[in-house]
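J.: Okay, here's the structure, questions in a sec.
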Amino acid sequence: RGRQAACLRRVEGDGVLLNEGFRFQVPGFRWKREGSGCAFVVGPQRISEILWRVAGADMTNPRDSAVYLLNLGEPVLIDCGSGHGLDRMVDNIQKAGFNPDGIKTLIMTHCHVDHVGAAPLLRSRFGTRLVIHEKDAEILERGDIRLTAAFCFDVDLKPLAVDRKLTGETGTLRFGACDLTWLHTPGHTPGSISLYMDVEGERILFAQDIGAPLLTEFDCDPEAWLESIGKLFALEADILCDGHSGAYGPKDVVRQYLEYCLASQYRQGYITGE
């Protein structure tokens with residue numbers, strides 16, 4: 001059931017990145033081949049008027065998650081990668097037209113180190129405030145190398161204190177006149193969150209690792225995950241930003257992607273039964 005909705009294809013020059021049914025504005029888009037043979041996208045990807053992707057495995061370092069920058073009157077980061085690609089990410093933030101010194105808020109969707117490894121570096125360099133759900137804050141604050149998957153990504157994880165712990169099941173983060181809503185969507189980790197906001201009639205959803213396998217070695221919770229993906233279907237987002245594979249849209253493509261994620265968990269045996 002379902003299919004992966006977005007297959008990124010290259011367009012030469014400054015053009016666009018295309019997926020099925022969605023256009024990304026990509027200033028100066030091109031590929032760069034490293035000595036290792038890895039190809040990287042050079043430059044940030046503009047997804048909407050207020051949204052850019054500034055890091056990812058194809059852009060900054062193979063160990064990085066996707067990192068999104070929202071312009072909410074101030075630049076706000078959604079996740080920050082492993083730290084291995086930090087310099088490239090900072091360069092992309094500048095290319096997108098923002099001063100990295102202005103990155104005062106990092107919202108971490110969950111505790112896995114490919115999403116949070118750069119957090120202490122951002123704090124020390126730019127004074128960035130770290131925000132995460134309390135249930136994953138516990139994992140970071142004790143420096144748990146298993147539940148953060150630090151051992152998988154060659155990150156020397158130290159116990160990390162966070163500045164704001166989100167509590168409960170939902171809430172709103174306000175940036176000037178902009179409201180960014182968060183939802184507790186556990187399953188991948190105990191404190192996973194998703195975020196969404198409505199901009200000029202268009203709903204942008206940060207679902208991050210909703211499609212990741214529910215591995216027992218990281219204490220994933222299939223029952224909680226099923227409830228969480230149900231919440232995301234109900235949001236009927238127009239754009240979905242995934243934690244690894246990029247952005248999906250419009251609305252029918254977002255739904256197809258969520259259906260693909262659901263079917264994949266059944267197909268791989270992480271979820272069984274009806």
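By convention in this document, the chains of the structure tokens carry letters A, B, ... by their order, each chain's residues are numbered from 1, and ligands are numbered from 1 in the order they are shown.
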Could you give me, as JSON lines, a per-residue list for region 212-265 of chain A showing, wherever an atom lies at most 9 Å from an atom of region 126-148 of chain A, the closest pair of atoms and their distance in Å to one decimal, using only C-alpha atoms and sorting by chain then residue number from low to high?
T.:
{"residue": "A:Glu217", "atom": "CA", "partner": "A:Arg146", "partner_atom": "CA", "distance": 8.1}
{"residue": "A:Phe218", "atom": "CA", "partner": "A:Leu147", "partner_atom": "CA", "distance": 5.4}
{"residue": "A:Asp219", "atom": "CA", "partner": "A:Leu147", "partner_atom": "CA", "distance": 7.5}
J.: Next, write the just-selected residues to a file, as a PDB file, in the first residue's frame, keeping N, CA, C and O atoms as the atom set.
T.:
ATOM      1  N   GLU A 217      16.481  -2.170  19.172  1.00  0.00           N
ATOM      2  CA  GLU A 217      17.708  -1.774  19.878  1.00  0.00           C
ATOM      3  C   GLU A 217      17.689  -0.327  20.341  1.00  0.00           C
ATOM      4  O   GLU A 217      18.514   0.080  21.174  1.00  0.00           O
ATOM      5  N   PHE A 218      16.761   0.478  19.801  1.00  0.00           N
ATOM      6  CA  PHE A 218      16.628   1.867  20.247  1.00  0.00           C
ATOM      7  C   PHE A 218      15.333   2.083  21.029  1.00  0.00           C
ATOM      8  O   PHE A 218      14.896   3.222  21.208  1.00  0.00           O
ATOM      9  N   ASP A 219      14.722   0.992  21.480  1.00  0.00           N
ATOM     10  CA  ASP A 219      13.500   1.044  22.301  1.00  0.00           C
ATOM     11  C   ASP A 219      12.348   1.756  21.600  1.00  0.00           C
ATOM     12  O   ASP A 219      11.551   2.475  22.244  1.00  0.00           O
TER      13      ASP A 219
END
J.: Which region 74-125 of chain A residues have any atom within 9 Å of an atom of region 151-164 of chain A, and for each, what is the nearest pair of atoms with distance in Å to one decimal, counting only C-alpha atoms, rows sorted by chain and number, as a tab-separated table?
T.:
residue	atom	partner	partner_atom	distance
A:Ser82	CA	A:Val155	CA	7.2
A:Gly83	CA	A:Val155	CA	8.0
A:His84	CA	A:Val155	CA	8.3
A:Val113	CA	A:Phe153	CA	7.3
A:Asp114	CA	A:Phe153	CA	6.9
A:Gly117	CA	A:Val155	CA	7.0
A:Ala119	CA	A:Leu160	CA	8.7
A:Pro120	CA	A:Leu160	CA	7.3
J.: Identify which of the residues A:Leu183, A:Ile229, A:Leu205, A:Ile78 lies closest to Arg53 (chain A), counting only C-alpha atoms when measuring atom-to-atom distances.
T.: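 Distance minimum relative to Arg53 (chain A) lands on A:Ile78.
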J.: Using only C-alpha atoms, find the one residue out of A:Leu226, A:Ala150, A:Leu72, A:Ala66 that sits nearest to Val199 (chain A).
T.: A:Leu72
J.: Calculated over only C-alpha atoms, which of the candidates A:Thr185, A:Ala149, A:Tyr248, A:Tyr196 has the smallest distance to Thr172 (chain A)?
T.: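 Result for the nearest residue to Thr172 (chain A): A:Tyr196.
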J.: Taking into account only C-alpha atoms, which residue in the set A:Leu69, A:Leu106, A:Met197, A:Ala118 is nearest to Asp238 (chain A)?
T.: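 Among A:Leu69, A:Leu106, A:Met197, A:Ala118, it is A:Met197 that comes nearest to Asp238 (chain A).
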J.: Hey, what does DSSP flag as strand (DSSP E) within region 51-251 of chain A? Can you give it to me as a PyMOL selection string?
T.: chain A and resi 51-55+67-71+75-78+105-107+129-133+164-166+170-175+178-184+193-199+202-208+239-242+246-248
J.: Fewer than 2 positions away in the same chain doesn't count, so skip those; otherwise give me all residues within 12 Å of Asp87 (chain A), counting only C-alpha atoms, as a list in words.
T.: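 The residues that qualify are Val54, Ala55, Met59, Thr60, Asn61, Cys80, Gly81, Ser82, Gly83, His84, Gly85, Met89, Val90, Asp91, Asn92, Ile93, Gln94, Pro100, Ala118, Leu121, Leu122 and Arg125 of chain A.
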J.: Write out the residues from the selection above, keeping all heavy atoms, as a short mmCIF file (atom, residue, chain, number, x, y, z; two decimals), in the first residue's frame.
T.:
data_model
loop_
_atom_site.label_atom_id
_atom_site.label_comp_id
_atom_site.auth_asym_id
_atom_site.auth_seq_id
_atom_site.Cartn_x
_atom_site.Cartn_y
_atom_site.Cartn_z
N VAL A 54 18.95 23.41 4.91
CA VAL A 54 20.32 23.91 4.94
C VAL A 54 21.34 22.81 5.24
O VAL A 54 22.55 23.07 5.25
CB VAL A 54 20.48 25.06 5.96
CG1 VAL A 54 19.67 26.27 5.52
CG2 VAL A 54 20.09 24.61 7.37
N ALA A 55 20.88 21.59 5.48
CA ALA A 55 21.80 20.48 5.73
C ALA A 55 21.09 19.17 5.46
O ALA A 55 19.86 19.09 5.40
CB ALA A 55 22.35 20.51 7.16
N MET A 59 23.92 16.96 1.38
CA MET A 59 24.28 18.37 1.29
C MET A 59 25.49 18.73 2.15
O MET A 59 26.32 19.55 1.72
CB MET A 59 23.07 19.22 1.70
CG MET A 59 23.26 20.72 1.57
SD MET A 59 21.79 21.65 2.10
CE MET A 59 20.64 21.30 0.76
N THR A 60 25.60 18.16 3.32
CA THR A 60 26.64 18.60 4.26
C THR A 60 27.55 17.46 4.71
O THR A 60 28.77 17.61 4.72
CB THR A 60 26.00 19.27 5.48
OG1 THR A 60 24.92 18.44 5.97
CG2 THR A 60 25.47 20.65 5.12
N ASN A 61 26.95 16.32 5.12
CA ASN A 61 27.74 15.17 5.55
C ASN A 61 26.82 13.95 5.57
O ASN A 61 25.65 14.08 5.97
CB ASN A 61 28.35 15.40 6.94
CG ASN A 61 29.30 14.29 7.35
OD1 ASN A 61 28.89 13.22 7.81
ND2 ASN A 61 30.59 14.54 7.19
N CYS A 80 19.66 19.84 13.75
CA CYS A 80 20.94 20.51 13.45
C CYS A 80 22.01 19.57 12.90
O CYS A 80 23.15 19.99 12.72
CB CYS A 80 21.47 21.21 14.70
SG CYS A 80 21.82 20.09 16.09
N GLY A 81 21.66 18.31 12.64
CA GLY A 81 22.66 17.39 12.10
C GLY A 81 23.59 16.85 13.18
O GLY A 81 23.48 17.16 14.36
N SER A 82 24.53 16.02 12.73
CA SER A 82 25.42 15.30 13.64
C SER A 82 26.57 16.15 14.18
O SER A 82 27.22 15.77 15.15
CB SER A 82 26.02 14.11 12.90
OG SER A 82 26.87 14.56 11.84
N GLY A 83 26.85 17.26 13.54
CA GLY A 83 28.01 18.08 13.87
C GLY A 83 29.13 17.90 12.86
O GLY A 83 29.95 18.80 12.68
N HIS A 84 29.17 16.76 12.17
CA HIS A 84 30.22 16.52 11.19
C HIS A 84 30.13 17.49 10.01
O HIS A 84 31.15 17.82 9.39
CB HIS A 84 30.15 15.08 10.68
CG HIS A 84 30.53 14.06 11.71
ND1 HIS A 84 31.81 13.92 12.20
CD2 HIS A 84 29.78 13.13 12.37
CE1 HIS A 84 31.85 12.94 13.09
NE2 HIS A 84 30.62 12.45 13.22
N GLY A 85 28.93 17.93 9.68
CA GLY A 85 28.75 18.84 8.56
C GLY A 85 28.48 20.28 8.98
O GLY A 85 27.94 21.07 8.21
N MET A 89 26.89 23.52 6.89
CA MET A 89 25.57 24.01 7.27
C MET A 89 25.60 25.52 7.53
O MET A 89 24.72 26.26 7.08
CB MET A 89 25.04 23.28 8.49
CG MET A 89 23.65 23.73 8.92
SD MET A 89 23.00 22.79 10.33
CE MET A 89 23.96 23.52 11.67
N VAL A 90 26.59 25.98 8.27
CA VAL A 90 26.72 27.41 8.56
C VAL A 90 26.88 28.19 7.26
O VAL A 90 26.28 29.27 7.08
CB VAL A 90 27.89 27.65 9.53
CG1 VAL A 90 28.20 29.14 9.64
CG2 VAL A 90 27.57 27.08 10.91
N ASP A 91 27.66 27.65 6.34
CA ASP A 91 27.83 28.30 5.04
C ASP A 91 26.51 28.38 4.30
O ASP A 91 26.19 29.41 3.69
CB ASP A 91 28.86 27.52 4.22
CG ASP A 91 29.21 28.21 2.92
OD1 ASP A 91 29.55 29.41 2.96
OD2 ASP A 91 29.15 27.56 1.85
N ASN A 92 25.70 27.33 4.37
CA ASN A 92 24.39 27.35 3.70
C ASN A 92 23.44 28.34 4.34
O ASN A 92 22.63 28.97 3.66
CB ASN A 92 23.78 25.94 3.71
CG ASN A 92 24.42 25.01 2.71
OD1 ASN A 92 25.00 25.45 1.71
ND2 ASN A 92 24.32 23.72 2.96
N ILE A 93 23.52 28.48 5.66
CA ILE A 93 22.69 29.49 6.34
C ILE A 93 23.04 30.88 5.83
O ILE A 93 22.16 31.70 5.55
CB ILE A 93 22.89 29.38 7.87
CG1 ILE A 93 22.27 28.08 8.39
CG2 ILE A 93 22.30 30.59 8.58
CD1 ILE A 93 22.62 27.75 9.82
N GLN A 94 24.32 31.14 5.66
CA GLN A 94 24.75 32.44 5.13
C GLN A 94 24.31 32.61 3.68
O GLN A 94 23.84 33.68 3.29
CB GLN A 94 26.27 32.56 5.24
CG GLN A 94 26.76 32.66 6.68
CD GLN A 94 28.26 32.61 6.80
OE1 GLN A 94 28.94 31.85 6.11
NE2 GLN A 94 28.82 33.42 7.69
N PRO A 100 24.45 33.58 10.89
CA PRO A 100 24.41 32.49 11.87
C PRO A 100 24.36 32.99 13.32
O PRO A 100 23.83 32.29 14.20
CB PRO A 100 25.70 31.72 11.59
CG PRO A 100 26.02 32.03 10.16
CD PRO A 100 25.57 33.45 9.95
N ALA A 118 25.12 18.52 16.58
CA ALA A 118 25.72 19.86 16.47
C ALA A 118 25.21 20.83 17.52
O ALA A 118 25.69 21.97 17.59
CB ALA A 118 25.46 20.43 15.07
N LEU A 121 27.72 22.63 19.76
CA LEU A 121 28.56 23.52 18.95
C LEU A 121 27.81 24.80 18.60
O LEU A 121 28.40 25.90 18.65
CB LEU A 121 28.99 22.80 17.67
CG LEU A 121 29.73 21.47 17.87
CD1 LEU A 121 29.98 20.78 16.53
CD2 LEU A 121 31.04 21.70 18.61
N LEU A 122 26.54 24.69 18.27
CA LEU A 122 25.74 25.89 17.99
C LEU A 122 25.61 26.75 19.24
O LEU A 122 25.67 27.98 19.18
CB LEU A 122 24.36 25.49 17.47
CG LEU A 122 24.32 24.88 16.07
CD1 LEU A 122 22.95 24.28 15.79
CD2 LEU A 122 24.64 25.94 15.01
N ARG A 125 29.06 28.51 19.84
CA ARG A 125 29.46 29.49 18.82
C ARG A 125 28.49 30.64 18.68
O ARG A 125 28.90 31.79 18.44
CB ARG A 125 29.62 28.79 17.46
CG ARG A 125 30.86 27.92 17.38
CD ARG A 125 30.97 27.18 16.07
NE ARG A 125 31.07 28.05 14.90
CZ ARG A 125 31.33 27.60 13.67
NH1 ARG A 125 31.54 26.31 13.46
NH2 ARG A 125 31.39 28.44 12.66
#
J.: Which value, in Å to one decimal, gives the distance between CA of Leu262 (chain A) and CA of Trp52 (chain A)?
T.: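 Distance reported for this atom pair: 26.5 Å.
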J.: Quick check, in Å to one decimal: how far apart do CA of Gly269 (chain A) and CA of Ile210 (chain A) lie?
T.: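 It comes out at 15.9 Å.
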J.: Between CA of Pro190 (chain A) and CA of Ala224 (chain A), what distance in Å does the model show, to one decimal?
T.: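 Calculated distance between CA of Pro190 (chain A) and CA of Ala224 (chain A) is 8.8 Å.
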J.: DSSP on the backbone: what in region 14-252 of chain A comes out alpha helix (DSSP H), as a PyMOL selection string?
T.: chain A and resi 86-95+113-116+119-126+134-141+222-235+251-252
J.: Find the residue from A:Gly211, A:Gly201, A:Gly246, A:Gly102 that sits nearest to Leu77 (chain A); use only C-alpha atoms when measuring.
T.: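 Closest to Leu77 (chain A), using only C-alpha atoms: A:Gly102.
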J.: What's around His244 (chain A) at 8 Å? Count only C-alpha atoms, leave out sequence neighbours fewer than 6 positions away in its own chain, and write the answer as number ranges by chain.
T.: A: 56-57, 65-66, 208-209
J.: Just checking: using only C-alpha atoms, which residue out of A:Arg63, A:Arg203, A:Lys104, A:Arg267 ends up closest to Arg123 (chain A)?
T.: A:Lys104
